[in-house]
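Comments concern the structure below.
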2 protein chains.
Amino acid sequence: MSDAVKLIEVKEDIQADNERVARELRARLAARKTFLLNVMSGPGAGKTSTILRTVEALRGRLRFGVLEADIESTVDAERVAACGIRAVQLRTGGLCHLDATMVAQGLDALGLDGLDVVVIENVGNLVCPAEFDTGAMRSVMLLSVPEGDDKPLKYPLMFSVSDVLLVNKIDYLGLSDFDIAALRERVLKLNPRIRIFEISAKTGQGIREWADWLGGEVESFVEAGARTVRA
Amino acid sequence: MSDAVKLIEVKEDIQADNERVARELRARLAARKTFLLNVMSGPGAGKTSTILRTVEALRGRLRFGVLEADIESTVDAERVAACGIRAVQLRTGGLCHLDATMVAQGLDALGLDGLDVVVIENVGNLVCPAEFDTGAMRSVMLLSVPEGDDKPLKYPLMFSVSDVLLVNKIDYLGLSDFDIAALRERVLKLNPRIRIFEISAKTGQGIREWADWLGGEVESFVEAGARTVRA
C-alpha cells in the first residue's frame, strides 16, 4: 500500500468521526440560536479584512465573535481583538484545516453569551478546509482577483461545498486578465446554488449587499430555529 | 486520542518513509546529472507563469521538463505543453501535497533523456507541500504581493524550507500596503540563508536575475555532480 493510500484511508476514518461531531455541534448551536459561519480561502485573499468589514456593516444589528485559525501565529486574533471584537486564536499545530472538535473547543474558550454569530476564520488553504465540516450553518469562501479565474478548475471541492463565494479585491479587476464572466460560469457549473458577491474589503465596495444577505440569513435562522439548519 | 493527534502520528510515519524515498531519488538524479527544482506557493501566486518565463529566459542554455501537480485539473500541463515544453500532469486525488514517490512516478512518465532540469510545480498550498521532501535539489517558493507581507508569520515552515523566495507580482507593489522591507526582515529571521528575488512574471521584471542565478546553480551541480546535493 502506498503512502498516499494510507493517508487517504486515515483521513476517511477521521472525516467520519468529524461529521458526527459537526452534526452534534450544529444541533447544539441551533438550540441556543447561535449562528456559526465558516470563512475559507487561500492565503492572503483577505479573510480578516472582510470579516472586520462585515462586523462593522452589521454593528447594532448582530453581535459577532471570531475564532481565528492559524498554523502558528496570533496576528489575526490580535487584529480582530483590537477592533473590539471578542476573539480566540486556534493554533492547529501544523494541521492544514480546522475540524469540528477544534471549533467546539474554540467556542468553549470564546463563550457564547451575548453573541448572535460566531465567524470561523479557517486556515488559509483551498484544499484541506473544504474536506472538513466545522459544524457551521453556512460556509463562505473568498477568491481574490489576483489569484486568477481558473481556481474553480483546480480546487473544485472548495467551490462545491461553499454556500457563498465572495470575489474579493474586485478593485484589481481592471489590472489583470481576470474574466469575471468565465469565473461565474465555472463556479455555477460546479455549484448552481452558490451565491456570488463581488466585494472589495479595501474600498468597501459590495460589502453592504453581502452583509445584508448574511444578516437576513442569521435572522431567518434565529426566527426559524433548527429548521434552517443543514441535516 | 484526538483525531488531530492520530492524523499527526500517521503523517510522521509517512514522512519518515518519504524522506528515505526522497534521498534515494536525489541520489539517482545526481548520478545522471538531472537537476530537480521544486516550486511551491499558495493558489494563484503565479507558479506556472513564472516557470514559463524562466524556461524562456534560459532557452538555449538549459533544457527543461515540467511536472505539474494538481488536485484535479490538467490546465497547467496543457498550458506548459502548448509552449513546447515536455510536461506531465500529476493528479494528487485530493491530497494537498506531492511526495517523493509521486515525483518519481512523474519522472518515469516524463522521461529524462535530453533534459537538464525538471521543474515540479507543486500543489498550490502554503502548508502541506512544505512538509514533504520531493527529492528536489532546490526548493523555491513564490509569494505574490497581493497575498500580503504577513505570510512569513503565518506559514513559517514554508519560508524555512525554501532555498529561494520569489516575490512575484512586484508590479502590484504601489497598489497595496505591502511592506517589502518588513517582508524581508520576517523571512530572513526565519531563514537567514534564503535568496530573495523580486519579479513580475507578467512584465518580466527581475526574471533575468533569478534565471541567471538558477542557471548558475544547475551548471555548478552538473560540473560538481553529487557534491552539491543535499545529504
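By convention here, the chains of the C-alpha cells are called A, B, ... in the order presented, each chain's residues are numbered starting at 1, and ligands are numbered starting at 1 in the order presented.
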
Problem set entry | DSSP helix (DSSP H, G or I) selection over stretch 115-216 of chain B, as a PyMOL selection string | chain B and resi 128-131+145-147+151-154+156-161+170-175+180-190+207-216

For this session: Write out as a list in words each polymer residue whose atoms come within 10 Å of A:Ala100, counting only C-alpha atoms; drop sequence neighbours fewer than 5 positions from it.
Result: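 Near neighbours after the sequence-gap exclusion: Gln15, Asp17, Asn18, Glu19, Arg20, Val21, Ala22, Arg23, Glu24, Leu25, Arg26, Gln105, Gly106, Phe132, Asp133, Thr134, Gly135 and Ala136 of chain A.
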
Would you output that residue set with C-alpha atoms, as a CSV table (one decimal), in the first residue's frame?
chain,number,residue,atom,x,y,z
A,15,GLN,CA,-13.7,12.5,8.4
A,17,ASP,CA,-15.8,10.9,13.2
A,18,ASN,CA,-15.7,14.6,12.3
A,19,GLU,CA,-19.0,14.5,10.6
A,20,ARG,CA,-20.7,13.2,13.8
A,21,VAL,CA,-19.0,15.8,16.0
A,22,ALA,CA,-20.0,18.5,13.5
A,23,ARG,CA,-23.7,17.4,13.4
A,24,GLU,CA,-23.8,17.4,17.2
A,25,LEU,CA,-22.2,20.9,17.4
A,26,ARG,CA,-24.6,22.3,14.8
A,105,GLN,CA,-13.0,23.8,21.9
A,106,GLY,CA,-12.7,27.3,20.5
A,132,PHE,CA,-13.8,19.0,7.0
A,133,ASP,CA,-17.3,20.0,8.2
A,134,THR,CA,-16.7,22.6,11.0
A,135,GLY,CA,-20.3,22.4,12.4
A,136,ALA,CA,-21.1,25.8,10.7

Exercise. If we count only C-alpha atoms, which residues of chain A reach to within 8 Å of chain B? Please list them as a ChimeraX atom specification.
Worked result: /A:3-4,7-8,10-11,14,42-45,70-73,75,94-96,125-128,146-148,151,153-156

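Note that atom CA of A:Leu67 and atom CA of A:Leu214 are 17.7 Å apart.
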
For this session: Within 10 Å of stretch 50-55 of chain A, counting only C-alpha atoms, which residues show up once you throw out same-chain ones fewer than 3 positions away? Write them as a ChimeraX atom specification, please.
Result: /A:39,45-47,58-66,79-80,83,85,117,119-121,142,166,168,199-204,207-208,210-212,214-215

Exercise. Could you work out how far atom CA of B:Asn122 lies from atom CA of A:Ser160, giving the answer in Å with one decimal?
Worked result: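 Here the two named atoms are 22.5 Å from each other.
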
Exercise. Please, which residues of stretch 64-209 of chain B, numbered as in this document, come out strand (DSSP E) from DSSP, as a VMD selection string?
Worked result: chain B and resid 64 to 70 86 to 91 117 to 121 138 to 144 164 to 168 195 to 198

Exercise. Any idea what the distance is between atom CA of A:Leu165 and atom CA of A:Val118?
Worked result: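 According to the coordinates, atom CA of A:Leu165 and atom CA of A:Val118 are separated by 18.6 Å.
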
For this session: Please provide the set of residues having any atom within 7 Å of A:Leu110, restricted to only C-alpha atoms, with same-chain residues fewer than 2 positions apart removed, written as a ChimeraX atom specification.
Result: /A:87-88,106-108,112
